[in-house]
Amino acid sequence: MPVKVFSVPTKSHTDFVDVTGLVSSFVKETGIKNGLCVIYVPHTTAAVFINEGADPDVIKDIAYKLDKLIPWEDAAYRHLEGNSAAHIKSAIIGNSRSVPIIEGRLALGTWESIFLAEFDGPRTRKLMVQIIEDK
Ligand code: ZN
């Protein structure tokens with residue numbers, strides 16, 4: 001089962017980095033025709049999601065609404081590090097996604113891209129990609 005760990009720098013406090021190119025070139029490199037690609041971030045204040053990559057305003061709206069729903073400041077937060085909002089967003093969105101590989105390609109929809117979501121950046125995040133081959 002091929003695995004690769006990428007280092008992905010994020011540029012701002014909240015940042016959604018399109019990692020579709022990284023993931024699909026790894027899939028291609030393995031030569032695996034059919035299987036499942038697991039994309040995972042081993043972080044508690046980051047996440048992975050799949051959504052529209054064609055119109056960049058979609059991810060801006062997602063970031064905007066997450067900030068509205070989960071504000072950075074809240075007097076009721078208990079976590080002393082002060083970044084509870086980032087932990088909550090990470091927990092809600094989740095730290096992995098799986099995408100089928102069919103005929104050597106990620107079976108993403110036409111408008112779909114894979115994003116690494118940063119909620120407490122900027123920093124460098126690990127992105128682990130593992131491929132489980134159908135035999
Ligand atoms: Zn924390």
# chains A, B, ... in the order shown; residues from 1 in each chain; ligands from 1

$ closest_atom_pairs --of "chain A" --to "ligand 1" --cutoff "12 Å" --atoms "only C-alpha atoms and all ligand atoms" --output "CSV"
residue,atom,partner,partner_atom_place_in_ligand_line,distance
A:His43,CA,ligand 1,1 (Zn),10.5
A:Thr44,CA,ligand 1,1 (Zn),7.7
A:Thr45,CA,ligand 1,1 (Zn),7.4
A:Ala46,CA,ligand 1,1 (Zn),11.1
A:Trp72,CA,ligand 1,1 (Zn),12.0
A:Tyr77,CA,ligand 1,1 (Zn),11.0
A:Arg78,CA,ligand 1,1 (Zn),10.3
A:His79,CA,ligand 1,1 (Zn),6.6
A:Leu80,CA,ligand 1,1 (Zn),7.5
A:Glu81,CA,ligand 1,1 (Zn),4.9
A:Gly82,CA,ligand 1,1 (Zn),6.4
A:Asn83,CA,ligand 1,1 (Zn),4.9
A:Ser84,CA,ligand 1,1 (Zn),5.9
A:Ala85,CA,ligand 1,1 (Zn),8.8
A:Ala86,CA,ligand 1,1 (Zn),7.6
A:His87,CA,ligand 1,1 (Zn),6.5
A:Ile88,CA,ligand 1,1 (Zn),9.9
A:Lys89,CA,ligand 1,1 (Zn),11.8
A:Ser90,CA,ligand 1,1 (Zn),11.0
A:Phe119,CA,ligand 1,1 (Zn),10.9
A:Asp120,CA,ligand 1,1 (Zn),9.1

$ closest_atom_pairs --of "range 37-107 of chain A" --to "range 10-29 of chain A" --cutoff "10 Å" --atoms "only C-alpha atoms" --output "CSV"
residue,atom,partner,partner_atom,distance
A:Cys37,CA,A:Val27,CA,7.9
A:Val38,CA,A:Val23,CA,9.6
A:Ile39,CA,A:Val23,CA,8.1
A:Ala46,CA,A:Thr14,CA,9.4
A:Ala47,CA,A:Phe16,CA,9.3
A:Val48,CA,A:Phe16,CA,9.0
A:Phe49,CA,A:Phe16,CA,9.3
A:Ile50,CA,A:Thr20,CA,9.4
A:Gly53,CA,A:Asp18,CA,7.7
A:Ile59,CA,A:Phe16,CA,7.2
A:Lys60,CA,A:Phe16,CA,8.7
A:Ile62,CA,A:Phe16,CA,9.7
A:Ala63,CA,A:Thr14,CA,7.4
A:Tyr64,CA,A:Thr14,CA,9.9
A:Asp67,CA,A:Thr14,CA,9.4
A:Ala86,CA,A:Thr14,CA,8.9
A:Ile101,CA,A:Val27,CA,8.1
A:Gly104,CA,A:Lys28,CA,6.6
A:Arg105,CA,A:Val27,CA,7.1
A:Leu106,CA,A:Ser24,CA,6.6

$ select_by_dssp --residues "chain A" --states "helix (DSSP H, G or I)" --output "PyMOL selection string"
chain A and resi 20-30+56-69+84-93

$ select_by_dssp --residues "range 8-122 of chain A" --states "strand (DSSP E)" --output "PDB file with all heavy atoms, in the first residue's frame"
ATOM      1  N   VAL A   8       2.814  20.657   3.444  1.00  0.00           N
ATOM      2  CA  VAL A   8       2.021  21.688   2.764  1.00  0.00           C
ATOM      3  C   VAL A   8       2.055  22.975   3.582  1.00  0.00           C
ATOM      4  O   VAL A   8       1.501  23.040   4.674  1.00  0.00           O
ATOM      5  CB  VAL A   8       0.557  21.211   2.576  1.00  0.00           C
ATOM      6  CG1 VAL A   8      -0.272  22.282   1.880  1.00  0.00           C
ATOM      7  CG2 VAL A   8       0.499  19.900   1.808  1.00  0.00           C
ATOM      8  N   PRO A   9       2.731  24.004   3.078  1.00  0.00           N
ATOM      9  CA  PRO A   9       2.726  25.286   3.792  1.00  0.00           C
ATOM     10  C   PRO A   9       1.395  26.003   3.608  1.00  0.00           C
ATOM     11  O   PRO A   9       0.832  26.001   2.516  1.00  0.00           O
ATOM     12  CB  PRO A   9       3.866  26.075   3.122  1.00  0.00           C
ATOM     13  CG  PRO A   9       4.154  25.412   1.825  1.00  0.00           C
ATOM     14  CD  PRO A   9       3.522  24.044   1.837  1.00  0.00           C
ATOM     15  N   ASP A  15      -6.854  29.132   5.813  1.00  0.00           N
ATOM     16  CA  ASP A  15      -6.387  28.992   4.427  1.00  0.00           C
ATOM     17  C   ASP A  15      -6.840  27.632   3.919  1.00  0.00           C
ATOM     18  O   ASP A  15      -6.717  26.632   4.632  1.00  0.00           O
ATOM     19  CB  ASP A  15      -4.850  29.087   4.405  1.00  0.00           C
ATOM     20  CG  ASP A  15      -4.289  29.235   2.997  1.00  0.00           C
ATOM     21  OD1 ASP A  15      -5.068  29.519   2.060  1.00  0.00           O
ATOM     22  OD2 ASP A  15      -3.062  29.075   2.842  1.00  0.00           O
ATOM     23  N   PHE A  16      -7.393  27.606   2.728  1.00  0.00           N
ATOM     24  CA  PHE A  16      -7.778  26.344   2.105  1.00  0.00           C
ATOM     25  C   PHE A  16      -6.852  26.130   0.912  1.00  0.00           C
ATOM     26  O   PHE A  16      -6.902  26.892  -0.048  1.00  0.00           O
ATOM     27  CB  PHE A  16      -9.234  26.384   1.639  1.00  0.00           C
ATOM     28  CG  PHE A  16     -10.246  26.555   2.771  1.00  0.00           C
ATOM     29  CD1 PHE A  16     -11.538  26.988   2.503  1.00  0.00           C
ATOM     30  CD2 PHE A  16      -9.911  26.267   4.090  1.00  0.00           C
ATOM     31  CE1 PHE A  16     -12.475  27.137   3.524  1.00  0.00           C
ATOM     32  CE2 PHE A  16     -10.836  26.412   5.121  1.00  0.00           C
ATOM     33  CZ  PHE A  16     -12.119  26.852   4.833  1.00  0.00           C
ATOM     34  N   VAL A  17      -6.013  25.105   1.014  1.00  0.00           N
ATOM     35  CA  VAL A  17      -5.014  24.857  -0.029  1.00  0.00           C
ATOM     36  C   VAL A  17      -5.493  23.711  -0.920  1.00  0.00           C
ATOM     37  O   VAL A  17      -5.772  22.606  -0.427  1.00  0.00           O
ATOM     38  CB  VAL A  17      -3.649  24.489   0.609  1.00  0.00           C
ATOM     39  CG1 VAL A  17      -2.588  24.297  -0.465  1.00  0.00           C
ATOM     40  CG2 VAL A  17      -3.222  25.544   1.627  1.00  0.00           C
ATOM     41  N   ASP A  18      -5.574  23.984  -2.196  1.00  0.00           N
ATOM     42  CA  ASP A  18      -5.989  22.953  -3.153  1.00  0.00           C
ATOM     43  C   ASP A  18      -4.836  21.954  -3.330  1.00  0.00           C
ATOM     44  O   ASP A  18      -3.771  22.315  -3.836  1.00  0.00           O
ATOM     45  CB  ASP A  18      -6.351  23.613  -4.491  1.00  0.00           C
ATOM     46  CG  ASP A  18      -6.990  22.631  -5.470  1.00  0.00           C
ATOM     47  OD1 ASP A  18      -6.736  21.413  -5.360  1.00  0.00           O
ATOM     48  OD2 ASP A  18      -7.721  23.094  -6.369  1.00  0.00           O
ATOM     49  N   GLY A  35      -8.769   1.325  -6.952  1.00  0.00           N
ATOM     50  CA  GLY A  35      -8.592   1.220  -5.508  1.00  0.00           C
ATOM     51  C   GLY A  35      -9.215   2.408  -4.804  1.00  0.00           C
ATOM     52  O   GLY A  35     -10.165   3.031  -5.302  1.00  0.00           O
ATOM     53  N   LEU A  36      -8.638   2.701  -3.642  1.00  0.00           N
ATOM     54  CA  LEU A  36      -9.169   3.786  -2.827  1.00  0.00           C
ATOM     55  C   LEU A  36      -8.010   4.655  -2.352  1.00  0.00           C
ATOM     56  O   LEU A  36      -6.987   4.137  -1.897  1.00  0.00           O
ATOM     57  CB  LEU A  36      -9.903   3.198  -1.617  1.00  0.00           C
ATOM     58  CG  LEU A  36     -10.682   4.194  -0.760  1.00  0.00           C
ATOM     59  CD1 LEU A  36     -11.860   4.776  -1.537  1.00  0.00           C
ATOM     60  CD2 LEU A  36     -11.190   3.505   0.505  1.00  0.00           C
ATOM     61  N   CYS A  37      -8.180   5.945  -2.462  1.00  0.00           N
ATOM     62  CA  CYS A  37      -7.145   6.884  -2.038  1.00  0.00           C
ATOM     63  C   CYS A  37      -7.633   7.573  -0.764  1.00  0.00           C
ATOM     64  O   CYS A  37      -8.708   8.170  -0.749  1.00  0.00           O
ATOM     65  CB  CYS A  37      -6.922   7.904  -3.145  1.00  0.00           C
ATOM     66  SG  CYS A  37      -5.683   9.127  -2.742  1.00  0.00           S
ATOM     67  N   VAL A  38      -6.847   7.437   0.292  1.00  0.00           N
ATOM     68  CA  VAL A  38      -7.192   8.053   1.575  1.00  0.00           C
ATOM     69  C   VAL A  38      -6.291   9.266   1.771  1.00  0.00           C
ATOM     70  O   VAL A  38      -5.064   9.158   1.655  1.00  0.00           O
ATOM     71  CB  VAL A  38      -7.021   7.054   2.743  1.00  0.00           C
ATOM     72  CG1 VAL A  38      -7.345   7.719   4.072  1.00  0.00           C
ATOM     73  CG2 VAL A  38      -7.896   5.828   2.523  1.00  0.00           C
ATOM     74  N   ILE A  39      -6.903  10.386   2.065  1.00  0.00           N
ATOM     75  CA  ILE A  39      -6.172  11.646   2.270  1.00  0.00           C
ATOM     76  C   ILE A  39      -6.415  12.050   3.716  1.00  0.00           C
ATOM     77  O   ILE A  39      -7.568  12.200   4.139  1.00  0.00           O
ATOM     78  CB  ILE A  39      -6.694  12.733   1.300  1.00  0.00           C
ATOM     79  CG1 ILE A  39      -6.590  12.259  -0.158  1.00  0.00           C
ATOM     80  CG2 ILE A  39      -5.925  14.036   1.475  1.00  0.00           C
ATOM     81  CD1 ILE A  39      -7.900  12.079  -0.827  1.00  0.00           C
ATOM     82  N   TYR A  40      -5.320  12.217   4.466  1.00  0.00           N
ATOM     83  CA  TYR A  40      -5.439  12.390   5.921  1.00  0.00           C
ATOM     84  C   TYR A  40      -4.502  13.481   6.423  1.00  0.00           C
ATOM     85  O   TYR A  40      -3.367  13.577   5.955  1.00  0.00           O
ATOM     86  CB  TYR A  40      -5.101  11.038   6.572  1.00  0.00           C
ATOM     87  CG  TYR A  40      -4.995  11.056   8.072  1.00  0.00           C
ATOM     88  CD1 TYR A  40      -6.133  11.085   8.871  1.00  0.00           C
ATOM     89  CD2 TYR A  40      -3.749  11.044   8.696  1.00  0.00           C
ATOM     90  CE1 TYR A  40      -6.027  11.111  10.257  1.00  0.00           C
ATOM     91  CE2 TYR A  40      -3.640  11.058  10.080  1.00  0.00           C
ATOM     92  CZ  TYR A  40      -4.781  11.097  10.853  1.00  0.00           C
ATOM     93  OH  TYR A  40      -4.682  11.119  12.211  1.00  0.00           O
ATOM     94  N   ALA A  46      -6.522  21.407  11.752  1.00  0.00           N
ATOM     95  CA  ALA A  46      -6.596  21.430  10.289  1.00  0.00           C
ATOM     96  C   ALA A  46      -7.604  20.366   9.880  1.00  0.00           C
ATOM     97  O   ALA A  46      -8.091  19.598  10.728  1.00  0.00           O
ATOM     98  CB  ALA A  46      -5.224  21.149   9.683  1.00  0.00           C
ATOM     99  N   ALA A  47      -7.937  20.307   8.605  1.00  0.00           N
ATOM    100  CA  ALA A  47      -8.935  19.337   8.124  1.00  0.00           C
ATOM    101  C   ALA A  47      -8.725  19.089   6.637  1.00  0.00           C
ATOM    102  O   ALA A  47      -7.881  19.737   6.005  1.00  0.00           O
ATOM    103  CB  ALA A  47     -10.346  19.874   8.378  1.00  0.00           C
ATOM    104  N   VAL A  48      -9.475  18.135   6.124  1.00  0.00           N
ATOM    105  CA  VAL A  48      -9.483  17.872   4.683  1.00  0.00           C
ATOM    106  C   VAL A  48     -10.937  17.843   4.236  1.00  0.00           C
ATOM    107  O   VAL A  48     -11.771  17.232   4.901  1.00  0.00           O
ATOM    108  CB  VAL A  48      -8.860  16.495   4.326  1.00  0.00           C
ATOM    109  CG1 VAL A  48      -8.895  16.266   2.819  1.00  0.00           C
ATOM    110  CG2 VAL A  48      -7.445  16.380   4.832  1.00  0.00           C
ATOM    111  N   PHE A  49     -11.219  18.528   3.145  1.00  0.00           N
ATOM    112  CA  PHE A  49     -12.571  18.409   2.589  1.00  0.00           C
ATOM    113  C   PHE A  49     -12.519  18.457   1.075  1.00  0.00           C
ATOM    114  O   PHE A  49     -11.505  18.817   0.480  1.00  0.00           O
ATOM    115  CB  PHE A  49     -13.509  19.495   3.148  1.00  0.00           C
ATOM    116  CG  PHE A  49     -13.223  20.905   2.699  1.00  0.00           C
ATOM    117  CD1 PHE A  49     -13.797  21.420   1.546  1.00  0.00           C
ATOM    118  CD2 PHE A  49     -12.374  21.722   3.440  1.00  0.00           C
ATOM    119  CE1 PHE A  49     -13.541  22.727   1.130  1.00  0.00           C
ATOM    120  CE2 PHE A  49     -12.106  23.032   3.028  1.00  0.00           C
ATOM    121  CZ  PHE A  49     -12.697  23.528   1.875  1.00  0.00           C
ATOM    122  N   ILE A  50     -13.628  18.055   0.465  1.00  0.00           N
ATOM    123  CA  ILE A  50     -13.755  18.082  -0.992  1.00  0.00           C
ATOM    124  C   ILE A  50     -14.928  18.983  -1.322  1.00  0.00           C
ATOM    125  O   ILE A  50     -16.016  18.835  -0.748  1.00  0.00           O
ATOM    126  CB  ILE A  50     -13.987  16.661  -1.546  1.00  0.00           C
ATOM    127  CG1 ILE A  50     -12.749  15.790  -1.263  1.00  0.00           C
ATOM    128  CG2 ILE A  50     -14.296  16.706  -3.040  1.00  0.00           C
ATOM    129  CD1 ILE A  50     -12.934  14.322  -1.583  1.00  0.00           C
ATOM    130  N   ASN A  51     -14.677  19.946  -2.197  1.00  0.00           N
ATOM    131  CA  ASN A  51     -15.771  20.803  -2.637  1.00  0.00           C
ATOM    132  C   ASN A  51     -15.380  21.480  -3.935  1.00  0.00           C
ATOM    133  O   ASN A  51     -14.371  21.129  -4.547  1.00  0.00           O
ATOM    134  CB  ASN A  51     -16.174  21.804  -1.545  1.00  0.00           C
ATOM    135  CG  ASN A  51     -17.654  22.119  -1.604  1.00  0.00           C
ATOM    136  OD1 ASN A  51     -18.094  22.917  -2.437  1.00  0.00           O
ATOM    137  ND2 ASN A  51     -18.436  21.462  -0.759  1.00  0.00           N
ATOM    138  N   GLU A  52     -16.171  22.448  -4.349  1.00  0.00           N
ATOM    139  CA  GLU A  52     -15.930  23.069  -5.645  1.00  0.00           C
ATOM    140  C   GLU A  52     -14.594  23.795  -5.700  1.00  0.00           C
ATOM    141  O   GLU A  52     -14.271  24.604  -4.824  1.00  0.00           O
ATOM    142  CB  GLU A  52     -17.063  24.055  -5.970  1.00  0.00           C
ATOM    143  CG  GLU A  52     -16.772  24.811  -7.253  1.00  0.00           C
ATOM    144  CD  GLU A  52     -17.987  25.400  -7.918  1.00  0.00           C
ATOM    145  OE1 GLU A  52     -19.110  25.005  -7.593  1.00  0.00           O
ATOM    146  OE2 GLU A  52     -17.781  26.258  -8.794  1.00  0.00           O
ATOM    147  N   SER A  96      -9.970  13.468   7.415  1.00  0.00           N
ATOM    148  CA  SER A  96      -9.654  12.634   6.254  1.00  0.00           C
ATOM    149  C   SER A  96     -10.824  12.548   5.286  1.00  0.00           C
ATOM    150  O   SER A  96     -11.974  12.807   5.649  1.00  0.00           O
ATOM    151  CB  SER A  96      -9.235  11.230   6.686  1.00  0.00           C
ATOM    152  OG  SER A  96     -10.351  10.464   7.022  1.00  0.00           O
ATOM    153  N   ARG A  97     -10.484  12.203   4.064  1.00  0.00           N
ATOM    154  CA  ARG A  97     -11.465  11.918   3.020  1.00  0.00           C
ATOM    155  C   ARG A  97     -10.937  10.738   2.217  1.00  0.00           C
ATOM    156  O   ARG A  97      -9.732  10.507   2.181  1.00  0.00           O
ATOM    157  CB  ARG A  97     -11.645  13.109   2.061  1.00  0.00           C
ATOM    158  CG  ARG A  97     -12.367  14.307   2.666  1.00  0.00           C
ATOM    159  CD  ARG A  97     -13.816  13.977   3.004  1.00  0.00           C
ATOM    160  NE  ARG A  97     -14.592  15.147   3.359  1.00  0.00           N
ATOM    161  CZ  ARG A  97     -14.713  15.630   4.588  1.00  0.00           C
ATOM    162  NH1 ARG A  97     -14.095  15.056   5.591  1.00  0.00           N
ATOM    163  NH2 ARG A  97     -15.453  16.696   4.822  1.00  0.00           N
ATOM    164  N   SER A  98     -11.846  10.001   1.577  1.00  0.00           N
ATOM    165  CA  SER A  98     -11.461   8.887   0.711  1.00  0.00           C
ATOM    166  C   SER A  98     -12.059   9.121  -0.664  1.00  0.00           C
ATOM    167  O   SER A  98     -13.214   9.530  -0.768  1.00  0.00           O
ATOM    168  CB  SER A  98     -12.026   7.572   1.243  1.00  0.00           C
ATOM    169  OG  SER A  98     -11.563   7.359   2.555  1.00  0.00           O
ATOM    170  N   VAL A  99     -11.275   8.845  -1.685  1.00  0.00           N
ATOM    171  CA  VAL A  99     -11.745   9.023  -3.062  1.00  0.00           C
ATOM    172  C   VAL A  99     -11.438   7.737  -3.838  1.00  0.00           C
ATOM    173  O   VAL A  99     -10.295   7.263  -3.808  1.00  0.00           O
ATOM    174  CB  VAL A  99     -11.035  10.218  -3.742  1.00  0.00           C
ATOM    175  CG1 VAL A  99     -11.553  10.412  -5.169  1.00  0.00           C
ATOM    176  CG2 VAL A  99     -11.221  11.501  -2.937  1.00  0.00           C
ATOM    177  N   PRO A 100     -12.430   7.179  -4.529  1.00  0.00           N
ATOM    178  CA  PRO A 100     -12.156   5.994  -5.347  1.00  0.00           C
ATOM    179  C   PRO A 100     -11.171   6.319  -6.479  1.00  0.00           C
ATOM    180  O   PRO A 100     -11.175   7.444  -7.004  1.00  0.00           O
ATOM    181  CB  PRO A 100     -13.528   5.628  -5.941  1.00  0.00           C
ATOM    182  CG  PRO A 100     -14.528   6.352  -5.117  1.00  0.00           C
ATOM    183  CD  PRO A 100     -13.848   7.575  -4.584  1.00  0.00           C
ATOM    184  N   ILE A 101     -10.368   5.322  -6.820  1.00  0.00           N
ATOM    185  CA  ILE A 101      -9.499   5.431  -7.999  1.00  0.00           C
ATOM    186  C   ILE A 101     -10.077   4.471  -9.035  1.00  0.00           C
ATOM    187  O   ILE A 101     -10.250   3.279  -8.757  1.00  0.00           O
ATOM    188  CB  ILE A 101      -8.047   5.028  -7.665  1.00  0.00           C
ATOM    189  CG1 ILE A 101      -7.468   5.971  -6.628  1.00  0.00           C
ATOM    190  CG2 ILE A 101      -7.176   5.026  -8.935  1.00  0.00           C
ATOM    191  CD1 ILE A 101      -6.181   5.471  -6.001  1.00  0.00           C
ATOM    192  N   ILE A 102     -10.416   5.023 -10.179  1.00  0.00           N
ATOM    193  CA  ILE A 102     -11.004   4.212 -11.250  1.00  0.00           C
ATOM    194  C   ILE A 102     -10.207   4.457 -12.518  1.00  0.00           C
ATOM    195  O   ILE A 102     -10.001   5.624 -12.914  1.00  0.00           O
ATOM    196  CB  ILE A 102     -12.504   4.569 -11.437  1.00  0.00           C
ATOM    197  CG1 ILE A 102     -13.261   4.235 -10.136  1.00  0.00           C
ATOM    198  CG2 ILE A 102     -13.102   3.809 -12.619  1.00  0.00           C
ATOM    199  CD1 ILE A 102     -14.691   4.725 -10.081  1.00  0.00           C
ATOM    200  N   ARG A 105      -7.365   7.004 -12.247  1.00  0.00           N
ATOM    201  CA  ARG A 105      -7.626   8.413 -11.921  1.00  0.00           C
ATOM    202  C   ARG A 105      -8.541   8.543 -10.710  1.00  0.00           C
ATOM    203  O   ARG A 105      -9.406   7.712 -10.481  1.00  0.00           O
ATOM    204  CB  ARG A 105      -8.287   9.118 -13.123  1.00  0.00           C
ATOM    205  CG  ARG A 105      -7.448   9.058 -14.388  1.00  0.00           C
ATOM    206  CD  ARG A 105      -8.042   9.911 -15.501  1.00  0.00           C
ATOM    207  NE  ARG A 105      -8.113  11.314 -15.102  1.00  0.00           N
ATOM    208  CZ  ARG A 105      -9.119  12.129 -15.418  1.00  0.00           C
ATOM    209  NH1 ARG A 105     -10.150  11.693 -16.106  1.00  0.00           N
ATOM    210  NH2 ARG A 105      -9.094  13.394 -15.031  1.00  0.00           N
ATOM    211  N   LEU A 106      -8.351   9.642  -9.984  1.00  0.00           N
ATOM    212  CA  LEU A 106      -9.261   9.948  -8.879  1.00  0.00           C
ATOM    213  C   LEU A 106     -10.648  10.192  -9.466  1.00  0.00           C
ATOM    214  O   LEU A 106     -10.787  10.964 -10.415  1.00  0.00           O
ATOM    215  CB  LEU A 106      -8.815  11.218  -8.151  1.00  0.00           C
ATOM    216  CG  LEU A 106      -7.528  11.129  -7.330  1.00  0.00           C
ATOM    217  CD1 LEU A 106      -7.100  12.537  -6.911  1.00  0.00           C
ATOM    218  CD2 LEU A 106      -7.714  10.242  -6.105  1.00  0.00           C
ATOM    219  N   GLU A 112     -15.097  19.186  -8.528  1.00  0.00           N
ATOM    220  CA  GLU A 112     -14.528  18.923  -7.210  1.00  0.00           C
ATOM    221  C   GLU A 112     -13.014  19.056  -7.144  1.00  0.00           C
ATOM    222  O   GLU A 112     -12.298  18.626  -8.036  1.00  0.00           O
ATOM    223  CB  GLU A 112     -14.911  17.509  -6.746  1.00  0.00           C
ATOM    224  CG  GLU A 112     -16.365  17.408  -6.340  1.00  0.00           C
ATOM    225  CD  GLU A 112     -16.683  16.049  -5.758  1.00  0.00           C
ATOM    226  OE1 GLU A 112     -16.168  15.034  -6.279  1.00  0.00           O
ATOM    227  OE2 GLU A 112     -17.445  16.002  -4.793  1.00  0.00           O
ATOM    228  N   SER A 113     -12.557  19.609  -6.026  1.00  0.00           N
ATOM    229  CA  SER A 113     -11.134  19.646  -5.689  1.00  0.00           C
ATOM    230  C   SER A 113     -10.999  19.194  -4.242  1.00  0.00           C
ATOM    231  O   SER A 113     -11.955  19.244  -3.465  1.00  0.00           O
ATOM    232  CB  SER A 113     -10.573  21.063  -5.821  1.00  0.00           C
ATOM    233  OG  SER A 113     -10.566  21.462  -7.170  1.00  0.00           O
ATOM    234  N   ILE A 114      -9.777  18.767  -3.911  1.00  0.00           N
ATOM    235  CA  ILE A 114      -9.480  18.349  -2.537  1.00  0.00           C
ATOM    236  C   ILE A 114      -8.730  19.492  -1.863  1.00  0.00           C
ATOM    237  O   ILE A 114      -7.743  20.006  -2.410  1.00  0.00           O
ATOM    238  CB  ILE A 114      -8.597  17.081  -2.532  1.00  0.00           C
ATOM    239  CG1 ILE A 114      -9.239  15.964  -3.358  1.00  0.00           C
ATOM    240  CG2 ILE A 114      -8.326  16.618  -1.096  1.00  0.00           C
ATOM    241  CD1 ILE A 114      -8.262  14.840  -3.723  1.00  0.00           C
ATOM    242  N   PHE A 115      -9.208  19.890  -0.684  1.00  0.00           N
ATOM    243  CA  PHE A 115      -8.583  21.007   0.025  1.00  0.00           C
ATOM    244  C   PHE A 115      -8.042  20.576   1.380  1.00  0.00           C
ATOM    245  O   PHE A 115      -8.718  19.859   2.126  1.00  0.00           O
ATOM    246  CB  PHE A 115      -9.605  22.126   0.256  1.00  0.00           C
ATOM    247  CG  PHE A 115     -10.064  22.787  -1.004  1.00  0.00           C
ATOM    248  CD1 PHE A 115     -11.235  22.357  -1.631  1.00  0.00           C
ATOM    249  CD2 PHE A 115      -9.341  23.819  -1.573  1.00  0.00           C
ATOM    250  CE1 PHE A 115     -11.667  22.956  -2.811  1.00  0.00           C
ATOM    251  CE2 PHE A 115      -9.761  24.424  -2.755  1.00  0.00           C
ATOM    252  CZ  PHE A 115     -10.925  23.990  -3.370  1.00  0.00           C
ATOM    253  N   LEU A 116      -6.853  21.056   1.686  1.00  0.00           N
ATOM    254  CA  LEU A 116      -6.363  20.986   3.061  1.00  0.00           C
ATOM    255  C   LEU A 116      -6.839  22.285   3.705  1.00  0.00           C
ATOM    256  O   LEU A 116      -6.582  23.375   3.193  1.00  0.00           O
ATOM    257  CB  LEU A 116      -4.834  20.895   3.079  1.00  0.00           C
ATOM    258  CG  LEU A 116      -4.183  20.761   4.458  1.00  0.00           C
ATOM    259  CD1 LEU A 116      -2.816  20.091   4.316  1.00  0.00           C
ATOM    260  CD2 LEU A 116      -3.991  22.094   5.152  1.00  0.00           C
ATOM    261  N   ALA A 117      -7.565  22.163   4.802  1.00  0.00           N
ATOM    262  CA  ALA A 117      -8.096  23.350   5.474  1.00  0.00           C
ATOM    263  C   ALA A 117      -7.231  23.692   6.683  1.00  0.00           C
ATOM    264  O   ALA A 117      -7.061  22.869   7.580  1.00  0.00           O
ATOM    265  CB  ALA A 117      -9.534  23.094   5.913  1.00  0.00           C
ATOM    266  N   GLU A 118      -6.695  24.876   6.668  1.00  0.00           N
ATOM    267  CA  GLU A 118      -5.921  25.412   7.795  1.00  0.00           C
ATOM    268  C   GLU A 118      -6.838  26.292   8.636  1.00  0.00           C
ATOM    269  O   GLU A 118      -7.534  27.157   8.097  1.00  0.00           O
ATOM    270  CB  GLU A 118      -4.763  26.253   7.244  1.00  0.00           C
ATOM    271  CG  GLU A 118      -3.980  27.021   8.274  1.00  0.00           C
ATOM    272  CD  GLU A 118      -3.263  26.091   9.239  1.00  0.00           C
ATOM    273  OE1 GLU A 118      -2.249  25.507   8.845  1.00  0.00           O
ATOM    274  OE2 GLU A 118      -3.754  25.944  10.384  1.00  0.00           O
TER     275      GLU A 118
END

$ atom_distance --atom1 "CA of Val58 in chain A" --atom2 "CA of Gly109 in chain A"
15.5 Å

$ closest_residue --among "A:Asn95, A:Thr30, A:Ser7, A:Thr110" --to "Lys126 in chain A" --atoms "only C-alpha atoms"
A:Ser7

$ atom_distance --atom1 "CA of Asp55 in chain A" --atom2 "CA of Met128 in chain A"
25.9 Å
